[in-house]
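Peer 1: After the structure tokens below, expect a handful of questions from me.
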Amino acid sequence: MIGSAAVWLARRLAHEDTVACVVLSTIADVQHDGSATLTGRVRGRALIWLAIAGAVWHDLAWDPRPPFWLDRAATLGRLGLIMASYQAGVVLLLLGLGNSPRSMPLLEGIVETAVPVLLAVISLLCLATGGLTAVRARMRPHGARTDVDS
Amino acid sequence: MGTHLPSMSATELLILDLLEQGEGFGLQLVAAGGGALKRGSIYVLLTRMETKGFVTSRLEDRPPGASGLPRRLYTPTPYGLKVRDALRALQATLALRPVEARP
């Protein structure tokens with residue numbers, strides 16, 4: 001079938017009814033169009049991928065239901081934030097503020113105190129919001145995602 | 001006071017005009033739209049119009065054994081046509097005429 005990979009991807013990015021109305025309808029039109037030329041086939045494929053982007057946009061901008069990948073994206077974002085803040089802290093500490101002849105003891109003290117505190121605060125915030133998300137996911141009624149998983 | 005007035009864009013007006021002549025599918029509307037409708041956004045637009053209640057859709061009837069996916073055919077709803085006519089009447093009423101526009 002034309003665009004089976006596209007449908008697979010679309011079902012992981014958009015709600016099932018959006019996929020049915022936007023992506024599958026586009027594929028049906030492209031199949032019916034049935035252009036034999038290379039340009040027509042390429043345009044058809046491009047149209048299907050454009051339809052996936054449109055379905056995601058529709059879910060984000062118009063659908064009152066939040067996209068179901070939002071939780072996973074938030075988790076990835078939190079992990080990225082923890083790693084980025086850790087790396088930033090390491091870089092700051094490795095800059096060698098204390099070894100520099102122009103180093104100021106006050107600035108050095110602030111950096112050495114602030115970086116671990118900032119890291120701890122960011123990590124705690126990430127863990128707390130992650131825990132809240134997990135609790136909310138557990139409290140969600142059964143069947144809430146059936147339209148997605150089907 | 002909490003009345004929510006429906007909104008309709010110029011593109012949605014055009015789609016309803018095209019669909020009034022008979023049900024149609026996405027690329028057919030794009031072809032009939034004469035460049036005003038885009039292939040990449042037509043189904044997002046139609047889905048949004050269906051959410052608003054302006055159009056309704058069904059899958060086309062396919063003969064048994066036909067290959068490929070069935071196309072989705074769209075029809076305007078009486079509510080959609082009513083909103084379109086009301087907006088057109090409003091535009092005609094509020095449009096400034098040369099005599100009225102003078103101070």
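Naming scheme: A, B, ... for chains in displayed order of the structure tokens; residues 1 onward per chain; ligands 1 onward as shown.
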Need to verify the contact set: segment 84-97 of chain B, 12 Å, only C-alpha atoms, exclusion of same-chain residues closer than 3 positions in sequence. Can you return it as a list of chain:residue names?
Peer 2: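 Selected residues are B:Leu5, B:Pro6, B:Ser7, B:Met8, B:Ser9, B:Ala10, B:Thr11, B:Glu12, B:Leu13, B:Leu14, B:Ile15, B:Leu16, B:Asp17, B:Glu20, B:Phe54, B:Val55, B:Pro76, B:Thr77, B:Pro78, B:Tyr79, B:Gly80, B:Leu81, B:Glu100, B:Ala101, B:Arg102, B:Pro103.
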Peer 1: With a distance threshold of 6 Å and counting only C-alpha atoms, extract the residues of chain B near chain A and express them as a PyMOL selection string.
Peer 2: chain B and resi 40+43-44+69-72
Peer 1: Mind listing the strand (DSSP E) residues of chain B, per DSSP on the backbone, as a list in words?
Peer 2: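 Those residues are Val55, Thr56, Ser57, Arg58, Leu59, Arg72, Leu73, Tyr74, Thr75 and Pro76 of chain B.
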Peer 1: Would you write out those residues with C-alpha atoms, as a CSV table (one decimal), in the first residue's frame?
Peer 2:
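Once written, part_16.csv looks like this:
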chain,number,residue,atom,x,y,z
B,55,VAL,CA,-19.6,19.9,6.4
B,56,THR,CA,-20.2,16.2,6.9
B,57,SER,CA,-18.2,13.3,5.3
B,58,ARG,CA,-18.6,9.7,4.3
B,59,LEU,CA,-16.4,7.1,2.7
B,72,ARG,CA,-13.7,10.6,1.7
B,73,LEU,CA,-16.6,12.6,0.2
B,74,TYR,CA,-17.8,15.8,1.8
B,75,THR,CA,-21.2,17.4,1.8
B,76,PRO,CA,-22.3,20.7,3.2
Peer 1: From a DSSP calculation on the backbone, collect every residue of segment 8-149 of chain A in helix (DSSP H, G or I) and output the set as number ranges by chain.
Peer 2: A: 8-13, 16-33, 38-61, 70-94, 105-139, 146-149
Peer 1: I'd like to know which of A:Ala73, A:Leu95, A:Ile82, A:Ile110 is closest to Leu124 of chain A, using only C-alpha atoms.
Peer 2: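 Smallest separation from Leu124 of chain A among the options: A:Ile82.
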Peer 1: So the first atom is atom CA of Ser123 of chain A and the second is atom CA of Arg78 of chain A; what is the distance between them in Å, to one decimal place?
Peer 2: 8.6 Å
Peer 1: Could you please determine the separation between atom CA of Pro67 of chain A and atom CA of His15 of chain A in Å, to one decimal place?
Peer 2: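 Atom CA of Pro67 of chain A sits 7.3 Å away from atom CA of His15 of chain A.
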Peer 1: Could you state the separation of atom CA of Ser85 of chain A and atom CA of Leu119 of chain A in Å, given to one decimal place?
Peer 2: 6.4 Å
